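Below: upload09.pdb (PDB, C-alpha atoms and all ligand atoms)
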MODEL        1
ATOM      1  CA  MET A   1      -1.151 -62.950   8.463
ATOM      2  CA  GLU A   2       0.389 -63.205  11.929
ATOM      3  CA  LYS A   3      -1.388 -59.940  12.697
ATOM      4  CA  TYR A   4      -4.795 -61.534  12.132
ATOM      5  CA  SER A   5      -3.970 -64.992  13.534
ATOM      6  CA  ARG A   6      -6.512 -64.714  16.384
ATOM      7  CA  GLN A   7      -9.253 -63.972  13.879
ATOM      8  CA  ILE A   8      -8.210 -66.583  11.330
ATOM      9  CA  ILE A   9      -8.296 -69.242  14.036
ATOM     10  CA  LEU A  10     -11.969 -68.394  14.681
ATOM     11  CA  LYS A  11     -14.309 -70.770  12.882
ATOM     12  CA  GLU A  12     -16.504 -67.733  12.095
ATOM     13  CA  ILE A  13     -13.726 -66.098  10.057
ATOM     14  CA  GLY A  14     -10.897 -68.396   8.886
ATOM     15  CA  THR A  15      -8.412 -67.680   6.083
ATOM     16  CA  GLU A  16     -11.121 -67.241   3.467
ATOM     17  CA  GLY A  17     -13.038 -64.874   5.695
ATOM     18  CA  GLN A  18      -9.958 -62.778   6.389
ATOM     19  CA  LYS A  19      -9.467 -62.429   2.624
ATOM     20  CA  LYS A  20     -13.042 -61.217   2.278
ATOM     21  CA  LEU A  21     -12.412 -58.602   4.966
ATOM     22  CA  GLN A  22      -9.313 -57.416   3.106
ATOM     23  CA  GLU A  23     -11.304 -57.023  -0.095
ATOM     24  CA  ALA A  24     -14.187 -55.127   1.484
ATOM     25  CA  ILE A  25     -14.834 -51.394   1.114
ATOM     26  CA  VAL A  26     -16.856 -49.867   3.954
ATOM     27  CA  ALA A  27     -18.076 -46.272   4.261
ATOM     28  CA  ILE A  28     -18.558 -44.803   7.723
ATOM     29  CA  VAL A  29     -20.893 -41.829   7.670
ATOM     30  CA  GLY A  30     -20.309 -39.772  10.811
ATOM     31  CA  VAL A  31     -17.010 -40.056  12.663
ATOM     32  CA  GLY A  32     -18.297 -39.366  16.157
ATOM     33  CA  ALA A  33     -19.085 -41.509  19.185
ATOM     34  CA  LEU A  34     -20.222 -44.475  17.064
ATOM     35  CA  GLY A  35     -18.105 -43.871  13.971
ATOM     36  CA  THR A  36     -14.742 -43.661  15.738
ATOM     37  CA  VAL A  37     -15.345 -47.001  17.491
ATOM     38  CA  ALA A  38     -16.681 -48.754  14.373
ATOM     39  CA  ALA A  39     -13.857 -47.398  12.200
ATOM     40  CA  GLU A  40     -11.167 -48.454  14.655
ATOM     41  CA  LEU A  41     -12.588 -51.970  15.028
ATOM     42  CA  LEU A  42     -12.906 -52.415  11.254
ATOM     43  CA  ALA A  43      -9.378 -51.087  10.694
ATOM     44  CA  ARG A  44      -7.891 -53.376  13.329
ATOM     45  CA  ALA A  45      -9.851 -56.348  11.932
ATOM     46  CA  GLY A  46      -8.183 -55.740   8.554
ATOM     47  CA  VAL A  47     -11.077 -54.438   6.456
ATOM     48  CA  GLY A  48      -9.190 -53.377   3.321
ATOM     49  CA  LYS A  49     -10.657 -49.989   2.555
ATOM     50  CA  LEU A  50     -12.476 -47.461   4.711
ATOM     51  CA  LEU A  51     -14.082 -44.191   3.726
ATOM     52  CA  LEU A  52     -14.637 -41.725   6.569
ATOM     53  CA  ILE A  53     -17.208 -38.995   6.028
ATOM     54  CA  ASP A  54     -17.830 -36.205   8.531
ATOM     55  CA  ARG A  55     -18.711 -32.534   8.171
ATOM     56  CA  ASP A  56     -17.591 -31.422  11.606
ATOM     57  CA  VAL A  57     -14.469 -30.770  13.667
ATOM     58  CA  VAL A  58     -13.311 -32.229  16.986
ATOM     59  CA  GLU A  59     -14.631 -30.447  20.097
ATOM     60  CA  GLU A  60     -13.572 -30.874  23.690
ATOM     61  CA  SER A  61     -16.934 -32.414  24.663
ATOM     62  CA  ASN A  62     -16.333 -35.198  22.090
ATOM     63  CA  LEU A  63     -13.283 -36.597  23.860
ATOM     64  CA  PRO A  64     -15.064 -38.751  26.472
ATOM     65  CA  ARG A  65     -16.573 -40.884  23.675
ATOM     66  CA  GLN A  66     -14.793 -40.374  20.380
ATOM     67  CA  ILE A  67     -11.908 -42.731  20.871
ATOM     68  CA  LEU A  68      -9.815 -41.877  17.810
ATOM     69  CA  PHE A  69      -9.245 -38.295  18.976
ATOM     70  CA  ILE A  70      -6.847 -36.751  21.477
ATOM     71  CA  GLU A  71      -6.602 -33.256  22.975
ATOM     72  CA  ASN A  72      -4.252 -32.134  20.183
ATOM     73  CA  ASP A  73      -7.003 -32.826  17.635
ATOM     74  CA  LEU A  74      -9.332 -30.080  18.908
ATOM     75  CA  GLY A  75     -10.489 -27.963  15.980
ATOM     76  CA  ARG A  76      -9.354 -30.484  13.346
ATOM     77  CA  SER A  77     -11.630 -32.162  10.819
ATOM     78  CA  LYS A  78     -12.916 -35.420  12.307
ATOM     79  CA  ALA A  79     -12.583 -37.238   8.975
ATOM     80  CA  VAL A  80      -8.981 -36.117   8.486
ATOM     81  CA  ALA A  81      -7.859 -36.681  12.101
ATOM     82  CA  GLY A  82      -9.606 -40.087  12.091
ATOM     83  CA  LYS A  83      -7.868 -41.169   8.885
ATOM     84  CA  GLU A  84      -4.504 -40.177  10.343
ATOM     85  CA  LYS A  85      -5.050 -42.304  13.472
ATOM     86  CA  LEU A  86      -6.319 -45.329  11.545
ATOM     87  CA  GLU A  87      -3.286 -45.265   9.270
ATOM     88  CA  LYS A  88      -1.061 -45.423  12.340
ATOM     89  CA  ILE A  89      -3.116 -48.305  13.761
ATOM     90  CA  ASN A  90      -3.035 -50.404  10.583
ATOM     91  CA  SER A  91      -0.744 -49.358   7.722
ATOM     92  CA  SER A  92      -1.796 -52.286   5.529
ATOM     93  CA  ILE A  93      -5.291 -50.926   4.868
ATOM     94  CA  SER A  94      -6.298 -47.827   2.939
ATOM     95  CA  VAL A  95      -8.354 -45.023   4.449
ATOM     96  CA  GLU A  96      -9.954 -42.085   2.687
ATOM     97  CA  ALA A  97     -11.344 -38.994   4.376
ATOM     98  CA  ALA A  98     -14.109 -36.684   3.150
ATOM     99  CA  ALA A  99     -14.745 -33.563   5.267
ATOM    100  CA  ILE A 100     -18.081 -32.894   3.606
ATOM    101  CA  HIS A 101     -21.749 -32.473   4.359
ATOM    102  CA  LEU A 102     -23.406 -35.415   2.598
ATOM    103  CA  HIS A 103     -26.253 -34.305   0.312
ATOM    104  CA  PRO A 104     -28.016 -35.567  -2.840
ATOM    105  CA  LYS A 105     -25.434 -33.986  -5.149
ATOM    106  CA  ASN A 106     -22.362 -35.611  -3.602
ATOM    107  CA  ILE A 107     -23.770 -38.899  -2.292
ATOM    108  CA  ASP A 108     -22.394 -40.802  -5.322
ATOM    109  CA  LEU A 109     -19.157 -40.756  -3.368
ATOM    110  CA  LEU A 110     -20.586 -43.875  -1.684
ATOM    111  CA  ASN A 111     -20.820 -45.817  -4.962
ATOM    112  CA  ALA A 112     -17.549 -47.684  -4.454
ATOM    113  CA  SER A 113     -18.537 -48.995  -1.008
ATOM    114  CA  ASN A 114     -19.983 -52.487  -0.487
ATOM    115  CA  LEU A 115     -21.484 -51.552   2.856
ATOM    116  CA  ILE A 116     -22.391 -48.321   4.631
ATOM    117  CA  LEU A 117     -22.455 -47.705   8.363
ATOM    118  CA  ASP A 118     -24.758 -44.979   9.600
ATOM    119  CA  CYS A 119     -22.965 -43.384  12.524
ATOM    120  CA  THR A 120     -24.612 -39.985  12.140
ATOM    121  CA  ASP A 121     -26.713 -38.114  14.663
ATOM    122  CA  ASN A 122     -29.490 -36.775  12.452
ATOM    123  CA  LEU A 123     -32.525 -38.118  10.609
ATOM    124  CA  GLN A 124     -31.988 -35.952   7.567
ATOM    125  CA  THR A 125     -28.795 -37.796   6.608
ATOM    126  CA  ARG A 126     -30.306 -41.144   7.622
ATOM    127  CA  PHE A 127     -33.299 -40.727   5.313
ATOM    128  CA  LEU A 128     -30.955 -39.674   2.532
ATOM    129  CA  LEU A 129     -28.899 -42.855   3.110
ATOM    130  CA  ASN A 130     -32.110 -44.884   3.234
ATOM    131  CA  ASP A 131     -33.161 -43.678  -0.216
ATOM    132  CA  TYR A 132     -29.666 -43.899  -1.685
ATOM    133  CA  CYS A 133     -29.231 -47.494  -0.479
ATOM    134  CA  GLY A 134     -32.782 -48.433  -1.505
ATOM    135  CA  LYS A 135     -32.223 -47.169  -5.014
ATOM    136  CA  ASN A 136     -28.743 -48.682  -5.370
ATOM    137  CA  GLN A 137     -29.577 -51.964  -3.594
ATOM    138  CA  LYS A 138     -26.782 -51.423  -1.073
ATOM    139  CA  PRO A 139     -26.847 -52.838   2.438
ATOM    140  CA  TRP A 140     -26.380 -50.407   5.320
ATOM    141  CA  ILE A 141     -26.595 -50.475   9.097
ATOM    142  CA  TYR A 142     -28.437 -47.873  11.132
ATOM    143  CA  ALA A 143     -27.143 -47.199  14.643
ATOM    144  CA  ALA A 144     -28.024 -44.638  17.280
ATOM    145  CA  ALA A 145     -27.318 -44.072  20.961
ATOM    146  CA  ILE A 146     -28.709 -41.668  23.510
ATOM    147  CA  ARG A 147     -28.468 -41.494  27.309
ATOM    148  CA  THR A 148     -27.738 -45.131  28.291
ATOM    149  CA  GLN A 149     -29.470 -46.911  25.427
ATOM    150  CA  GLY A 150     -29.050 -47.496  21.755
ATOM    151  CA  TYR A 151     -30.377 -49.165  18.609
ATOM    152  CA  VAL A 152     -28.953 -51.088  15.682
ATOM    153  CA  PHE A 153     -30.872 -52.090  12.562
ATOM    154  CA  PRO A 154     -29.326 -53.773   9.508
ATOM    155  CA  ILE A 155     -31.105 -52.751   6.317
ATOM    156  CA  LEU A 156     -30.797 -55.152   3.405
ATOM    157  CA  PRO A 157     -31.939 -54.814  -0.214
ATOM    158  CA  GLY A 158     -35.591 -55.827  -0.568
ATOM    159  CA  LYS A 159     -36.137 -55.997   3.197
ATOM    160  CA  PRO A 160     -37.812 -53.525   5.604
ATOM    161  CA  CYS A 161     -36.086 -50.133   5.672
ATOM    162  CA  LEU A 162     -35.701 -47.297   8.159
ATOM    163  CA  ARG A 163     -38.697 -45.344   6.872
ATOM    164  CA  CYS A 164     -40.897 -48.400   7.280
ATOM    165  CA  PHE A 165     -41.040 -47.603  10.993
ATOM    166  CA  MET A 166     -39.416 -44.256  11.602
ATOM    167  CA  LYS A 167     -41.467 -41.100  11.322
ATOM    168  CA  GLN A 168     -40.412 -38.026   9.404
ATOM    169  CA  GLU A 169     -38.118 -35.670  11.230
ATOM    170  CA  THR A 170     -40.177 -32.993  12.925
ATOM    171  CA  GLY A 171     -37.690 -30.154  12.746
ATOM    172  CA  GLU A 172     -34.619 -30.356  14.905
ATOM    173  CA  THR A 173     -34.973 -29.639  18.552
ATOM    174  CA  CYS A 174     -31.819 -28.711  20.292
ATOM    175  CA  ASP A 175     -32.351 -30.288  23.657
ATOM    176  CA  THR A 176     -29.057 -31.681  24.723
ATOM    177  CA  VAL A 177     -29.397 -34.968  26.446
ATOM    178  CA  GLY A 178     -26.468 -36.856  27.798
ATOM    179  CA  VAL A 179     -24.949 -40.042  26.524
ATOM    180  CA  LEU A 180     -22.761 -42.611  28.251
ATOM    181  CA  ASN A 181     -19.527 -43.653  26.554
ATOM    182  CA  THR A 182     -20.091 -47.343  27.298
ATOM    183  CA  ILE A 183     -23.361 -47.406  25.347
ATOM    184  CA  THR A 184     -21.858 -45.714  22.274
ATOM    185  CA  ALA A 185     -18.945 -48.206  22.368
ATOM    186  CA  SER A 186     -21.340 -51.170  22.795
ATOM    187  CA  ILE A 187     -23.717 -50.081  20.062
ATOM    188  CA  ALA A 188     -20.812 -49.477  17.675
ATOM    189  CA  SER A 189     -19.467 -52.951  18.551
ATOM    190  CA  LEU A 190     -22.795 -54.560  17.712
ATOM    191  CA  GLN A 191     -23.020 -52.559  14.494
ATOM    192  CA  THR A 192     -19.463 -53.612  13.576
ATOM    193  CA  THR A 193     -20.184 -57.283  14.335
ATOM    194  CA  LEU A 194     -23.145 -57.190  11.948
ATOM    195  CA  ALA A 195     -20.927 -55.452   9.385
ATOM    196  CA  LEU A 196     -18.318 -58.226   9.663
ATOM    197  CA  LYS A 197     -21.033 -60.882   9.267
ATOM    198  CA  MET A 198     -22.416 -59.142   6.195
ATOM    199  CA  ILE A 199     -18.947 -58.878   4.613
ATOM    200  CA  LEU A 200     -18.395 -62.583   5.316
ATOM    201  CA  GLY A 201     -21.697 -63.417   3.620
ATOM    202  CA  GLU A 202     -23.370 -64.644   6.817
ATOM    203  CA  GLU A 203     -27.106 -64.318   7.193
ATOM    204  CA  VAL A 204     -28.167 -61.241   9.140
ATOM    205  CA  LYS A 205     -31.764 -60.762  10.193
ATOM    206  CA  PRO A 206     -33.370 -57.395   9.420
ATOM    207  CA  GLN A 207     -34.377 -56.805  13.029
ATOM    208  CA  LEU A 208     -34.160 -53.827  15.331
ATOM    209  CA  TYR A 209     -31.876 -54.430  18.278
ATOM    210  CA  GLN A 210     -32.316 -52.325  21.393
ATOM    211  CA  TYR A 211     -29.857 -52.258  24.259
ATOM    212  CA  ASP A 212     -29.967 -50.423  27.563
ATOM    213  CA  ILE A 213     -26.559 -50.897  29.081
ATOM    214  CA  TRP A 214     -27.385 -49.258  32.417
ATOM    215  CA  ASN A 215     -30.194 -51.728  33.094
ATOM    216  CA  GLN A 216     -28.646 -54.612  31.138
ATOM    217  CA  GLU A 217     -31.701 -55.022  28.931
ATOM    218  CA  PHE A 218     -31.349 -56.338  25.396
ATOM    219  CA  LYS A 219     -34.379 -56.625  23.128
ATOM    220  CA  THR A 220     -34.965 -57.747  19.562
ATOM    221  CA  LEU A 221     -37.901 -56.202  17.707
ATOM    222  CA  VAL A 222     -39.361 -57.468  14.452
ATOM    223  CA  VAL A 223     -39.766 -54.819  11.739
ATOM    224  CA  LYS A 224     -42.211 -55.380   8.886
ATOM    225  CA  THR A 225     -42.261 -53.721   5.486
ATOM    226  CA  ASN A 226     -44.736 -50.850   5.668
ATOM    227  CA  PRO A 227     -46.957 -50.684   2.537
ATOM    228  CA  ALA A 228     -47.073 -46.893   2.940
ATOM    229  CA  CYS A 229     -43.264 -46.500   3.008
ATOM    230  CA  PRO A 230     -42.193 -44.305   0.054
ATOM    231  CA  THR A 231     -38.703 -45.830  -0.160
ATOM    232  CA  CYS A 232     -40.040 -49.388  -0.379
ATOM    233  CA  GLN A 233     -42.462 -48.182  -3.075
ATOM    234  CA  GLY A 234     -39.484 -47.010  -5.135
ATOM    235  CA  ASN A 235     -40.077 -43.319  -4.412
ATOM    236  CA  TYR A 236     -36.601 -42.111  -3.483
ATOM    237  CA  GLU A 237     -37.695 -38.532  -2.842
ATOM    238  CA  ARG A 238     -34.751 -37.635  -0.613
ATOM    239  CA  LEU A 239     -32.377 -38.119  -3.540
ATOM    240  CA  TYR A 240     -34.167 -35.560  -5.646
ATOM    241  CA  GLN A 241     -34.694 -32.872  -3.058
ATOM    242  CA  GLU A 242     -33.008 -29.666  -4.055
ATOM    243  CA  GLN A 243     -30.502 -28.438  -1.548
ATOM    244  CA  GLU A 244     -32.663 -25.505  -0.472
ATOM    245  CA  ILE A 245     -31.603 -25.548   3.139
ATOM    246  CA  ARG A 246     -28.730 -23.109   3.311
ATOM    247  CA  SER A 247     -28.097 -23.128   7.017
ATOM    248  CA  ILE A 248     -28.374 -25.796   9.681
ATOM    249  CA  GLN A 249     -27.820 -25.623  13.396
ATOM    250  CA  PHE A 250     -25.615 -28.388  14.754
ATOM    251  CA  CYS A 251     -27.569 -29.292  17.832
ATOM    252  CA  SER A 252     -24.706 -31.074  19.526
ATOM    253  CA  THR A 253     -22.455 -28.036  19.559
ATOM    254  CA  GLY A 254     -24.766 -25.090  18.986
ATOM    255  CA  ARG A 255     -22.807 -24.003  15.925
ATOM    256  CA  TYR A 256     -24.286 -23.122  12.567
ATOM    257  CA  GLN A 257     -23.348 -24.581   9.216
ATOM    258  CA  ILE A 258     -23.811 -22.333   6.202
ATOM    259  CA  MET A 259     -23.609 -23.773   2.707
ATOM    260  CA  GLY A 260     -21.704 -21.440   0.393
ATOM    261  CA  LYS A 261     -19.931 -21.640  -2.939
ATOM    262  CA  PRO A 262     -16.626 -23.547  -3.205
ATOM    263  CA  GLN A 263     -13.739 -21.297  -2.137
ATOM    264  CA  ASN A 264     -10.112 -20.900  -3.047
ATOM    265  CA  LEU A 265      -8.732 -21.376   0.447
ATOM    266  CA  GLY A 266      -5.316 -19.946  -0.473
ATOM    267  CA  ALA A 267      -6.833 -16.635  -1.532
ATOM    268  CA  VAL A 268      -9.120 -16.451   1.503
ATOM    269  CA  GLN A 269      -6.181 -17.270   3.773
ATOM    270  CA  GLN A 270      -4.125 -14.378   2.355
ATOM    271  CA  ARG A 271      -7.021 -12.014   2.937
ATOM    272  CA  TRP A 272      -7.608 -13.155   6.496
ATOM    273  CA  GLU A 273      -3.931 -13.163   7.457
ATOM    274  CA  LYS A 274      -3.893  -9.384   7.118
ATOM    275  CA  ILE A 275      -6.404  -9.264   9.973
ATOM    276  CA  GLY A 276      -5.464 -12.080  12.321
ATOM    277  CA  VAL A 277      -4.215 -15.593  12.918
ATOM    278  CA  VAL A 278      -5.385 -18.224  10.415
ATOM    279  CA  ARG A 279      -4.876 -21.947  10.878
ATOM    280  CA  ARG A 280      -4.898 -24.105   7.752
ATOM    281  CA  GLU A 281      -5.072 -27.874   7.503
ATOM    282  CA  ASN A 282      -6.210 -30.334   4.836
ATOM    283  CA  GLY A 283      -8.992 -28.444   3.128
ATOM    284  CA  LEU A 284      -9.960 -26.431   6.211
ATOM    285  CA  LEU A 285      -9.284 -22.860   7.378
ATOM    286  CA  GLN A 286      -9.841 -21.725  10.936
ATOM    287  CA  PHE A 287     -10.209 -18.026  11.715
ATOM    288  CA  ARG A 288     -11.860 -16.351  14.702
ATOM    289  CA  ASN A 289     -15.332 -17.929  15.232
ATOM    290  CA  LEU A 290     -15.328 -19.532  11.802
ATOM    291  CA  LEU A 291     -14.253 -22.685  10.005
ATOM    292  CA  LEU A 292     -14.212 -22.702   6.221
ATOM    293  CA  PHE A 293     -14.085 -25.912   4.170
ATOM    294  CA  GLU A 294     -12.971 -26.220   0.541
ATOM    295  CA  ASP A 295     -16.483 -27.148  -0.578
ATOM    296  CA  GLY A 296     -17.666 -23.700   0.560
ATOM    297  CA  ARG A 297     -19.255 -24.745   3.822
ATOM    298  CA  ALA A 298     -18.670 -22.614   6.847
ATOM    299  CA  VAL A 299     -19.211 -23.734  10.424
ATOM    300  CA  ILE A 300     -19.693 -20.713  12.636
ATOM    301  CA  LYS A 301     -19.945 -20.289  16.374
ATOM    302  CA  ALA A 302     -22.757 -17.840  16.995
ATOM    303  CA  ASP A 303     -25.692 -17.196  19.327
ATOM    304  CA  SER A 304     -28.274 -17.125  16.544
ATOM    305  CA  GLU A 305     -28.686 -17.990  12.892
ATOM    306  CA  GLN A 306     -28.762 -14.292  12.074
ATOM    307  CA  GLU A 307     -25.447 -13.717  13.811
ATOM    308  CA  ALA A 308     -23.951 -16.684  11.926
ATOM    309  CA  TRP A 309     -25.057 -15.208   8.613
ATOM    310  CA  ALA A 310     -23.630 -11.818   9.612
ATOM    311  CA  SER A 311     -20.219 -13.421  10.268
ATOM    312  CA  TYR A 312     -20.445 -15.263   6.975
ATOM    313  CA  SER A 313     -21.121 -12.077   5.011
ATOM    314  CA  LYS A 314     -18.422 -10.167   6.825
ATOM    315  CA  TRP A 315     -15.574 -12.644   6.410
ATOM    316  CA  ILE A 316     -16.465 -14.706   3.351
ATOM    317  CA  GLY A 317     -18.856 -12.574   1.339
ATOM    318  CA  ASN A 318     -22.335 -13.029  -0.020
TER     319      ASN A 318
HETATM  320 ZN    ZN B   1     -39.430 -49.060   3.761
ENDMDL
END
Translate this file's structure into structure tokens.
Amino acid sequence: MEKYSRQIILKEIGTEGQKKLQEAIVAIVGVGALGTVAAELLARAGVGKLLLIDRDVVEESNLPRQILFIENDLGRSKAVAGKEKLEKINSSISVEAAAIHLHPKNIDLLNASNLILDCTDNLQTRFLLNDYCGKNQKPWIYAAAIRTQGYVFPILPGKPCLRCFMKQETGETCDTVGVLNTITASIASLQTTLALKMILGEEVKPQLYQYDIWNQEFKTLVVKTNPACPTCQGNYERLYQEQEIRSIQFCSTGRYQIMGKPQNLGAVQQRWEKIGVVRRENGLLQFRNLLLFEDGRAVIKADSEQEAWASYSKWIGN
């Protein structure tokens, strides 16, 4: 308890509150600029169990913001590398890693969590979380940051949800805009503070917080339940969508993700080693321009979707 003495002394937390933190299970979806900060703060605060979910690997351009990673982590799964760092930071909590692409068929993985933090960078996953949490009456916290500003919105059972005010995704555009590391750290801090309050049973208002750190502007916006919102009407359509999309472009890195059948990585490794150098680590193979995950996903560096598919067919098969 000496470790947490500065928290226990706070009237907002206390001994009882610290116990609640130790008993909590929090899922962090997306271990990037927001997720690494939120996960580290929760781990250091003594939140008992964390689940890290991320489909991607560490890239050089992540390092200015994604504080759990170091240069030696380049090419490693963010979920796995993040778990490793958190375990070194606080060995008295438990951390699980899932290097997966979250979709309707595997989202039940979140069932054990009391609270979910949205630290993703895409609306597709956010709308899936919105429907999953709506259906299962689970609280979650939306967060996003771009350029020098960001947003946080706690979504509570029976209260306004993300789709009440956010429009459908209009197909991904791949404009790369910049983002400042101080805004991602600040937004993740606000998101984590709300998470701590929710774990402690404090009242949290379902409002949209907006912060521009460059201009020091903080705003609170009221969100109302939209009568036309499908999720609030009990229509959880995103949970029943068939996984028809077989390839996605990761806008942040320009790589393509192709969903394939689960693979026996040992067998694939043997095949590839006859041709070149293969790197293997925790459910992930790296070979040439290609990363292959156990669940059959491949993340491929290519100039077009067609070229990505060609690499997939050549090295993995159809
Ligand atoms: Zn709604």
Query - Surroundings of ligand ZN 1 (chain B) up to 9 Å, based on all atoms listed in the file, as a PyMOL selection string - result: chain A and resi 130+134+158-165+224-233
Report task. Name the closest residue to Lys261 (chain A) among the candidates A:Lys85, A:Arg280, A:Arg297, A:His103; distances are taken between atoms, counting all atoms listed in the file. Result -> A:Arg297
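Nearest-residue note for Ala33 (chain A): choosing from A:Asp56, A:Glu16, A:Glu71, A:Asp121, the minimum distance belongs to A:Asp121, counting only C-alpha atoms.
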Query raised in the report: Out of A:Phe287, A:Arg55, A:Pro154, A:Leu109, which residue has the shortest atom-to-atom distance to Ile258 (chain A) when counting all atoms listed in the file?
Result: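 Closest candidate: A:Arg55.
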Any chance you could tabulate, as a Markdown table, the residues of region 41-127 of chain A at most 7 Å from region 138-150 of chain A with each one's nearest atom pair and distance in Å to one decimal, using all atoms listed in the file, in chain and rising number order?
| residue | atom | partner | partner_atom | distance |
| --- | --- | --- | --- | --- |
| A:Asn114 | CA | A:Lys138 | CA | 6.9 |
| A:Leu115 | CA | A:Pro139 | CA | 5.5 |
| A:Ile116 | CA | A:Trp140 | CA | 4.6 |
| A:Leu117 | CA | A:Ile141 | CA | 5.0 |
| A:Asp118 | CA | A:Tyr142 | CA | 4.9 |
| A:Cys119 | CA | A:Ala143 | CA | 6.0 |
Query raised in the report: A:Val223, A:Cys133, A:Ile67, A:Leu208: which is nearest Arg238 (chain A), counting all atoms listed in the file?
Result: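 Ranking A:Val223, A:Cys133, A:Ile67, A:Leu208 by distance to Arg238 (chain A), first place goes to A:Cys133.
As for CA of Ile93 (chain A) and CA of Lys49 (chain A), they are spaced 5.9 Å apart.
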Apply the PyMOL selection byres (((chain A and resi 87) around 12) and not hetatm) to the structure shown and report the selected residues as an mmCIF file with C-alpha atoms, in the frame of the given file.
data_model
loop_
_atom_site.group_PDB
_atom_site.id
_atom_site.type_symbol
_atom_site.label_atom_id
_atom_site.label_comp_id
_atom_site.auth_asym_id
_atom_site.auth_seq_id
_atom_site.Cartn_x
_atom_site.Cartn_y
_atom_site.Cartn_z
ATOM 1 C CA ALA A 39 -13.857 -47.398 12.200
ATOM 2 C CA GLU A 40 -11.167 -48.454 14.655
ATOM 3 C CA ALA A 43 -9.378 -51.087 10.694
ATOM 4 C CA ARG A 44 -7.891 -53.376 13.329
ATOM 5 C CA GLY A 46 -8.183 -55.740 8.554
ATOM 6 C CA GLY A 48 -9.190 -53.377 3.321
ATOM 7 C CA LYS A 49 -10.657 -49.989 2.555
ATOM 8 C CA LEU A 50 -12.476 -47.461 4.711
ATOM 9 C CA LEU A 68 -9.815 -41.877 17.810
ATOM 10 C CA VAL A 80 -8.981 -36.117 8.486
ATOM 11 C CA ALA A 81 -7.859 -36.681 12.101
ATOM 12 C CA GLY A 82 -9.606 -40.087 12.091
ATOM 13 C CA LYS A 83 -7.868 -41.169 8.885
ATOM 14 C CA GLU A 84 -4.504 -40.177 10.343
ATOM 15 C CA LYS A 85 -5.050 -42.304 13.472
ATOM 16 C CA LEU A 86 -6.319 -45.329 11.545
ATOM 17 C CA LYS A 88 -1.061 -45.423 12.340
ATOM 18 C CA ILE A 89 -3.116 -48.305 13.761
ATOM 19 C CA ASN A 90 -3.035 -50.404 10.583
ATOM 20 C CA SER A 91 -0.744 -49.358 7.722
ATOM 21 C CA SER A 92 -1.796 -52.286 5.529
ATOM 22 C CA ILE A 93 -5.291 -50.926 4.868
ATOM 23 C CA SER A 94 -6.298 -47.827 2.939
ATOM 24 C CA VAL A 95 -8.354 -45.023 4.449
ATOM 25 C CA GLU A 96 -9.954 -42.085 2.687
ATOM 26 C CA ALA A 97 -11.344 -38.994 4.376
#
I need the output of the PyMOL selection byres (((chain A and resi 77) around 7) and not hetatm) for this file as a tab-separated table (two decimals) with C-alpha atoms, in the frame of the given file; which residues are they?
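Result written to out-v9.tsv:
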chain	number	residue	atom	x	y	z
A	56	ASP	CA	-17.59	-31.42	11.61
A	57	VAL	CA	-14.47	-30.77	13.67
A	58	VAL	CA	-13.31	-32.23	16.99
A	75	GLY	CA	-10.49	-27.96	15.98
A	76	ARG	CA	-9.35	-30.48	13.35
A	78	LYS	CA	-12.92	-35.42	12.31
A	79	ALA	CA	-12.58	-37.24	8.98
A	80	VAL	CA	-8.98	-36.12	8.49
A	81	ALA	CA	-7.86	-36.68	12.10
A	99	ALA	CA	-14.74	-33.56	5.27
Report task. Please identify all polymer residues within 6 Å of Tyr209 (chain A), counting all atoms listed in the file, omitting same-chain residues fewer than 2 positions from it, and present them as a list in words. Result -> Tyr151, Val152, Lys219 and Thr220 of chain A
Requested in this report: Identify the residues within 8 Å of coordinate (-15.5, -53.1, 4.1) (same frame as the file), considering all atoms listed in the file, and give the answer as a ChimeraX atom specification.
Outcome: /A:21-27,42,47-50,113-115,195,199
Requested in this report: Work out how far CA of Glu237 (chain A) is from CA of Lys135 (chain A), in Å to one decimal.
Outcome: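 Computed distance, CA of Lys135 (chain A) to CA of Glu237 (chain A), equals 10.5 Å.
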